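Heads up, the thing below is written out as structure tokens.
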Amino acid sequence: MSASASIGVTGLGVMGRNLARNFARHGYTVAVHNRSAGRTRALVQEFGHEGEFVAAETAAEFVAALERPRRLMLMVQAGEATDAVIEEFAPLLEPGDMIIDGGNAHFADTRRREAALREQGIHFVGVGVSGGEEGALHGPSVMPGGSVESYAVLGPMFEAISAKVDGEPCATHIGADGAGHFVKMVHNGIEYADMQLIAEAYDLLRQVGGYGPAEIADIFREWNQGRLGSYLIEITAEVLGHTDAVTGGPFVDVVVDRAGQKGTGRWTVQTALDLAAPVTAISQATFARAASGQTALRAAYRGLPGGTTPVLSRTEAARFASQVENALYASKVIAYDQGWSMIQDAAKEYGWDIDLAAVARIWRGGCIIRASFLDRIRAAYAQDPALVSLLTEKDFAQEITDAQVPWREIVAMAARRGIPVPAFSAALSYYDTLRAERLPAALLQGQRDFFGAHTYGRVDKPGMFHTHWADADRPETDA
Ligand SMILES: NC(=O)C1=CN([C@@H]2O[C@H](COP(=O)(O)OP(=O)(O)OC[C@H]3O[C@@H](n4cnc5c(N)ncnc54)[C@H](OP(=O)(O)O)[C@@H]3O)[C@@H](O)[C@H]2O)C=CC1
Ligand SMILES: O=C(CO)[C@H](O)[C@H](O)COP(=O)(O)O
């Protein structure tokens, strides 16, 4: 077999198959391989006319089909499957070759794999890919980590197959080793928060506003024309407008209310705890999915008293919908701000030089959280690459100021009426926590010193102190 392929894709499932087609459609010769050869044959049979494919049945054939330095992309499940495929192919490769992992791998695994393969002179490139099946074919958002040298070779290919917004590719080198997978993980954490916030808005509009799903679909369609314009709002309108063919009722009413998850949201929360990054809207969104699946707990709580739930009049409902839009927008800004802040924390921790404006730029298209306001986030970080928070940028600050009253009213009304809004509440509390002049953390420090002599700082002098709580006169000493 002659080494004619610019890239090889192994793992021809939902994502791999379409990414391989996307490369081929952009003029690259693509070697294709799958554990079970049937998928390889099916791809070439069905889509062979779209470009140049080299079908390989064995690992040796696959590697032999690749031009040097070899570029071998894995599109398999994260974890053991990825390690198994690396173990199969790495011994067949040579220094300078590149293994690209396009799956949703945990960034810590990517760091481990990158370090191990670097010893053999192989570039291991962890790449976040977002956009699902359609995005993989028509243009995903691509978030490559790994070495600068690997991006010099792979960058033009990723940029070619990625989505384009205003002529700019939705692909950029994120940073060394696991930076690409880290940023993809945070993308998914933000995705969880955005979806939960939209779901809470729907619930309020339905339970308090008295709107039906098709009417709420129309409200979302209208919002999609404004500052909330995004793929997630757009598809939410589609889902809410869909009628179930069996019952003739709204589709959303026949779906079991237990949200699944593959794990990237959970990883975001676990990692945030390690980094002490307070991504509260993201974590509440993740826990909301977990709570929805707690069947026994839900049965135990069901029927306990809640708030009052009178439905609003149509006139009141229209005003209410506008308040919900404000609350949704303000909470969404907070959720995205939390994501960017977490990326900044990780960049410090892992020594990554991440261009925060570029992250916003490549999320404007192709990915699940693509949204019109990402262009403004891009501009904010382009103007000040070290921006600590979006809320210090004047236009975002003004919007949050303007959304204050309705945002608070929505959260308060939800509490009065017993409607769960964990992500709205978390976003508002985060805002109030960070803007507070003084936090009750001072009392926590006192409690910690009381029971564990954990010491505390004082506002009026440097150093750490301990109060001898058991002594009658409670003297304070330097710690
Ligand atoms: N689906 C999506 O929307 C998105 C998925 N991703 C990520 O992309 C990756 C692939 O996902 P997707 O295409 O949906 O998955 P699929 O389940 O459709 O395909 C999985 C592929 O992995 C192969 N595979 C699984 N285990 C092994 C193994 N031990 N050894 C060799 N090959 C193996 C399968 O081969 P076989 O045919 O032989 O079973 C199959 O080709 C995952 O990491 C996923 O998280 C990322 C973004 C979006
Ligand atoms: O990576 C993705 C998009 O960017 C997937 O859509 C995501 O994995 C879906 O996650 P979950 O199943 O946990 O909702």
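Numbering starts fresh at 1 for the residues of each chain in the structure tokens, the chains themselves are lettered A, B, ... in the order given, and ligands are numbered from 1 as they appear.
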Self-check item: Shell of 7 Å around ligand 1 (only C-alpha atoms and all ligand atoms), written as an MDAnalysis selection string
Solution: chainID A and resid 11:16 34:36 39 75:78 80:82 84:85 102:105 129:133
Generate the output file for the selected residues, N, CA and C atoms, as a PDB file, in the first residue's frame.
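The result, written out as result.pdb:
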```
ATOM      1  N   GLY A  11     -11.832   4.665  13.948  1.00  0.00           N
ATOM      2  CA  GLY A  11     -13.022   4.851  14.778  1.00  0.00           C
ATOM      3  C   GLY A  11     -14.039   5.575  13.919  1.00  0.00           C
ATOM      4  N   LEU A  12     -14.770   4.788  13.141  1.00  0.00           N
ATOM      5  CA  LEU A  12     -15.673   5.401  12.148  1.00  0.00           C
ATOM      6  C   LEU A  12     -17.120   5.347  12.617  1.00  0.00           C
ATOM      7  N   GLY A  13     -17.325   5.734  13.871  1.00  0.00           N
ATOM      8  CA  GLY A  13     -18.695   5.827  14.397  1.00  0.00           C
ATOM      9  C   GLY A  13     -19.318   7.138  13.938  1.00  0.00           C
ATOM     10  N   VAL A  14     -20.227   7.636  14.748  1.00  0.00           N
ATOM     11  CA  VAL A  14     -20.976   8.855  14.407  1.00  0.00           C
ATOM     12  C   VAL A  14     -20.040   9.998  14.013  1.00  0.00           C
ATOM     13  N   MET A  15     -19.049  10.266  14.845  1.00  0.00           N
ATOM     14  CA  MET A  15     -18.170  11.422  14.633  1.00  0.00           C
ATOM     15  C   MET A  15     -17.053  11.127  13.627  1.00  0.00           C
ATOM     16  N   GLY A  16     -16.394   9.973  13.808  1.00  0.00           N
ATOM     17  CA  GLY A  16     -15.227   9.654  12.984  1.00  0.00           C
ATOM     18  C   GLY A  16     -15.576   9.579  11.505  1.00  0.00           C
ATOM     19  N   ASN A  34     -11.412   0.979  11.021  1.00  0.00           N
ATOM     20  CA  ASN A  34     -12.292   0.781  12.166  1.00  0.00           C
ATOM     21  C   ASN A  34     -12.025  -0.603  12.746  1.00  0.00           C
ATOM     22  N   ARG A  35     -12.233  -0.736  14.069  1.00  0.00           N
ATOM     23  CA  ARG A  35     -12.025  -2.041  14.722  1.00  0.00           C
ATOM     24  C   ARG A  35     -12.771  -3.133  13.957  1.00  0.00           C
ATOM     25  N   SER A  36     -14.052  -2.896  13.704  1.00  0.00           N
ATOM     26  CA  SER A  36     -14.809  -3.857  12.903  1.00  0.00           C
ATOM     27  C   SER A  36     -14.858  -3.310  11.476  1.00  0.00           C
ATOM     28  N   ARG A  39     -17.650  -1.241   9.074  1.00  0.00           N
ATOM     29  CA  ARG A  39     -17.894   0.210   9.034  1.00  0.00           C
ATOM     30  C   ARG A  39     -17.004   0.880   7.985  1.00  0.00           C
ATOM     31  N   MET A  75     -11.017   8.489  16.795  1.00  0.00           N
ATOM     32  CA  MET A  75     -12.356   8.982  17.151  1.00  0.00           C
ATOM     33  C   MET A  75     -13.104   7.846  17.848  1.00  0.00           C
ATOM     34  N   VAL A  76     -12.598   7.510  19.034  1.00  0.00           N
ATOM     35  CA  VAL A  76     -13.207   6.409  19.802  1.00  0.00           C
ATOM     36  C   VAL A  76     -13.595   6.933  21.186  1.00  0.00           C
ATOM     37  N   GLN A  77     -14.258   6.090  21.943  1.00  0.00           N
ATOM     38  CA  GLN A  77     -14.690   6.526  23.271  1.00  0.00           C
ATOM     39  C   GLN A  77     -13.485   6.866  24.154  1.00  0.00           C
ATOM     40  N   ALA A  78     -13.716   7.843  25.036  1.00  0.00           N
ATOM     41  CA  ALA A  78     -12.663   8.236  25.972  1.00  0.00           C
ATOM     42  C   ALA A  78     -12.377   7.083  26.929  1.00  0.00           C
ATOM     43  N   GLU A  80     -10.644   3.729  28.412  1.00  0.00           N
ATOM     44  CA  GLU A  80      -9.930   2.492  28.060  1.00  0.00           C
ATOM     45  C   GLU A  80      -9.831   2.277  26.557  1.00  0.00           C
ATOM     46  N   ALA A  81     -10.897   2.618  25.828  1.00  0.00           N
ATOM     47  CA  ALA A  81     -10.877   2.402  24.368  1.00  0.00           C
ATOM     48  C   ALA A  81      -9.747   3.224  23.746  1.00  0.00           C
ATOM     49  N   THR A  82      -9.594   4.467  24.207  1.00  0.00           N
ATOM     50  CA  THR A  82      -8.540   5.330  23.658  1.00  0.00           C
ATOM     51  C   THR A  82      -7.163   4.751  23.984  1.00  0.00           C
ATOM     52  N   ALA A  84      -6.468   1.660  24.536  1.00  0.00           N
ATOM     53  CA  ALA A  84      -6.292   0.422  23.757  1.00  0.00           C
ATOM     54  C   ALA A  84      -5.853   0.750  22.336  1.00  0.00           C
ATOM     55  N   VAL A  85      -6.456   1.756  21.751  1.00  0.00           N
ATOM     56  CA  VAL A  85      -6.114   2.096  20.362  1.00  0.00           C
ATOM     57  C   VAL A  85      -4.701   2.684  20.299  1.00  0.00           C
ATOM     58  N   GLY A 102      -9.364  12.920  18.929  1.00  0.00           N
ATOM     59  CA  GLY A 102     -10.484  13.845  18.751  1.00  0.00           C
ATOM     60  C   GLY A 102     -11.684  13.518  19.623  1.00  0.00           C
ATOM     61  N   GLY A 103     -11.546  12.510  20.498  1.00  0.00           N
ATOM     62  CA  GLY A 103     -12.668  12.148  21.384  1.00  0.00           C
ATOM     63  C   GLY A 103     -12.764  13.117  22.557  1.00  0.00           C
ATOM     64  N   ASN A 104     -13.795  12.911  23.349  1.00  0.00           N
ATOM     65  CA  ASN A 104     -13.971  13.768  24.536  1.00  0.00           C
ATOM     66  C   ASN A 104     -13.150  13.210  25.695  1.00  0.00           C
ATOM     67  N   ALA A 105     -11.836  13.220  25.557  1.00  0.00           N
ATOM     68  CA  ALA A 105     -10.982  12.646  26.603  1.00  0.00           C
ATOM     69  C   ALA A 105     -10.882  13.599  27.794  1.00  0.00           C
ATOM     70  N   VAL A 129     -13.412  18.485  19.890  1.00  0.00           N
ATOM     71  CA  VAL A 129     -14.216  18.669  18.668  1.00  0.00           C
ATOM     72  C   VAL A 129     -15.653  18.839  19.117  1.00  0.00           C
ATOM     73  N   SER A 130     -16.287  19.913  18.699  1.00  0.00           N
ATOM     74  CA  SER A 130     -17.694  20.087  19.059  1.00  0.00           C
ATOM     75  C   SER A 130     -18.524  20.368  17.821  1.00  0.00           C
ATOM     76  N   GLY A 131     -19.755  19.907  17.891  1.00  0.00           N
ATOM     77  CA  GLY A 131     -20.673  20.159  16.776  1.00  0.00           C
ATOM     78  C   GLY A 131     -21.541  18.959  16.461  1.00  0.00           C
ATOM     79  N   GLY A 132     -21.261  17.839  17.154  1.00  0.00           N
ATOM     80  CA  GLY A 132     -22.064  16.642  16.936  1.00  0.00           C
ATOM     81  C   GLY A 132     -21.873  16.107  15.520  1.00  0.00           C
ATOM     82  N   GLU A 133     -22.782  15.248  15.138  1.00  0.00           N
ATOM     83  CA  GLU A 133     -22.675  14.532  13.867  1.00  0.00           C
ATOM     84  C   GLU A 133     -22.673  15.500  12.672  1.00  0.00           C
TER      85      GLU A 133
END
```
Quiz item: Quick one: residues within 9 Å of Ile86 in chain A, only C-alpha atoms counted, chain neighbours fewer than 5 positions away excluded, as a ChimeraX atom specification?
Solution: /A:74,81,91,99,113
Quiz item: If you count only C-alpha atoms, which residues fall within 6 Å of Asn188 in chain A, apart from same-chain ones fewer than 3 positions away, as a ChimeraX atom specification?
Solution: /A:185,191,265
Quiz item: Using the chain letters and numbers from this document, which residues of range 50-188 of chain A does DSSP assign to helix (DSSP H, G or I), as a PyMOL selection string?
Solution: chain A and resi 50+59-64+80-92+107-119+132-138+148-161+179-188
Quiz item: Using only C-alpha atoms and all ligand atoms, which of the listed residues (A:Ile368, A:Ala237, A:Leu204, A:Ala453) sits closest to ligand 2?
Solution: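 Smallest distance to ligand 2 is found for A:Ile368.
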Quiz prompt | Atomic distance CA of Lys394 in chain A - CA of Asp432 in chain A, expressed in Å with one decimal | solution = 18.2 Å
Quiz prompt | Shell of 10 Å around Asp253 in chain A, only C-alpha atoms, local chain residues under 6 positions omitted, as a list in words | solution =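 Close residues of Asp253 in chain A: Pro213, Leu240, Thr243, Asp244 and Thr247 of chain A.
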Quiz item: Counting only C-alpha atoms, what is within 12 Å of Gly241 in chain A, bar same-chain residues fewer than 2 positions away, as a PyMOL selection string?
Solution: chain A and resi 212-221+234-239+243-244+249-253
Using only C-alpha atoms, please write the residues we just selected to a file, as a PDB file, in the first residue's frame.
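Below you can see selection.pdb, which holds the result:
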```pdb
ATOM      1  CA  GLY A 212     -48.170  26.059  26.200  1.00  0.00           C
ATOM      2  CA  PRO A 213     -45.068  24.491  24.614  1.00  0.00           C
ATOM      3  CA  ALA A 214     -45.893  25.749  21.115  1.00  0.00           C
ATOM      4  CA  GLU A 215     -46.354  29.295  22.450  1.00  0.00           C
ATOM      5  CA  ILE A 216     -43.066  29.055  24.330  1.00  0.00           C
ATOM      6  CA  ALA A 217     -41.451  27.865  21.093  1.00  0.00           C
ATOM      7  CA  ASP A 218     -42.632  31.126  19.525  1.00  0.00           C
ATOM      8  CA  ILE A 219     -41.239  33.136  22.461  1.00  0.00           C
ATOM      9  CA  PHE A 220     -37.866  31.419  22.034  1.00  0.00           C
ATOM     10  CA  ARG A 221     -37.957  32.078  18.291  1.00  0.00           C
ATOM     11  CA  GLU A 234     -32.982  27.749  18.180  1.00  0.00           C
ATOM     12  CA  ILE A 235     -33.144  23.987  18.772  1.00  0.00           C
ATOM     13  CA  THR A 236     -35.162  24.484  21.963  1.00  0.00           C
ATOM     14  CA  ALA A 237     -37.853  26.188  19.876  1.00  0.00           C
ATOM     15  CA  GLU A 238     -37.779  23.209  17.507  1.00  0.00           C
ATOM     16  CA  VAL A 239     -38.122  20.690  20.343  1.00  0.00           C
ATOM     17  CA  THR A 243     -45.831  17.325  18.226  1.00  0.00           C
ATOM     18  CA  ASP A 244     -45.663  13.692  19.284  1.00  0.00           C
ATOM     19  CA  GLY A 249     -49.664  16.184  22.176  1.00  0.00           C
ATOM     20  CA  PRO A 250     -46.476  18.177  22.728  1.00  0.00           C
ATOM     21  CA  PHE A 251     -43.392  15.999  22.315  1.00  0.00           C
ATOM     22  CA  VAL A 252     -41.850  17.462  25.491  1.00  0.00           C
ATOM     23  CA  ASP A 253     -44.719  15.999  27.526  1.00  0.00           C
TER      24      ASP A 253
END
```
Practice problem: Using CA of Leu390 in chain A and CA of Arg376 in chain A as the two end points, give the distance in Å to one decimal. | Solution: 9.7 Å
Quiz item: What lies within 9 Å of Ala160 in chain A using only C-alpha atoms, ignoring chain neighbours under 2 positions off, as a list in words?
Solution: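 Close residues of Ala160 in chain A: Phe23, His26, Gly139, Gly155, Pro156, Met157, Phe158, Ser162, Ala163, Lys164, Pro169 and Ala171 of chain A.
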Please produce a file of those selected residues containing C-alpha atoms, as a PDB file, in the first residue's frame.
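Output (selection-v1.pdb):
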```pdb
ATOM      1  CA  PHE A  23     -11.355  15.920   5.381  1.00  0.00           C
ATOM      2  CA  HIS A  26     -11.646  19.358   1.534  1.00  0.00           C
ATOM      3  CA  GLY A 139     -17.709  22.231  10.044  1.00  0.00           C
ATOM      4  CA  GLY A 155      -3.508  23.586  11.958  1.00  0.00           C
ATOM      5  CA  PRO A 156      -4.187  24.226   8.269  1.00  0.00           C
ATOM      6  CA  MET A 157      -6.084  20.931   8.051  1.00  0.00           C
ATOM      7  CA  PHE A 158      -8.212  21.649  11.132  1.00  0.00           C
ATOM      8  CA  SER A 162     -13.801  23.751  10.706  1.00  0.00           C
ATOM      9  CA  ALA A 163     -16.842  26.010  10.638  1.00  0.00           C
ATOM     10  CA  LYS A 164     -16.210  29.555   9.412  1.00  0.00           C
ATOM     11  CA  PRO A 169     -12.015  29.420  10.946  1.00  0.00           C
ATOM     12  CA  ALA A 171     -10.103  26.297  14.994  1.00  0.00           C
TER      13      ALA A 171
END
```
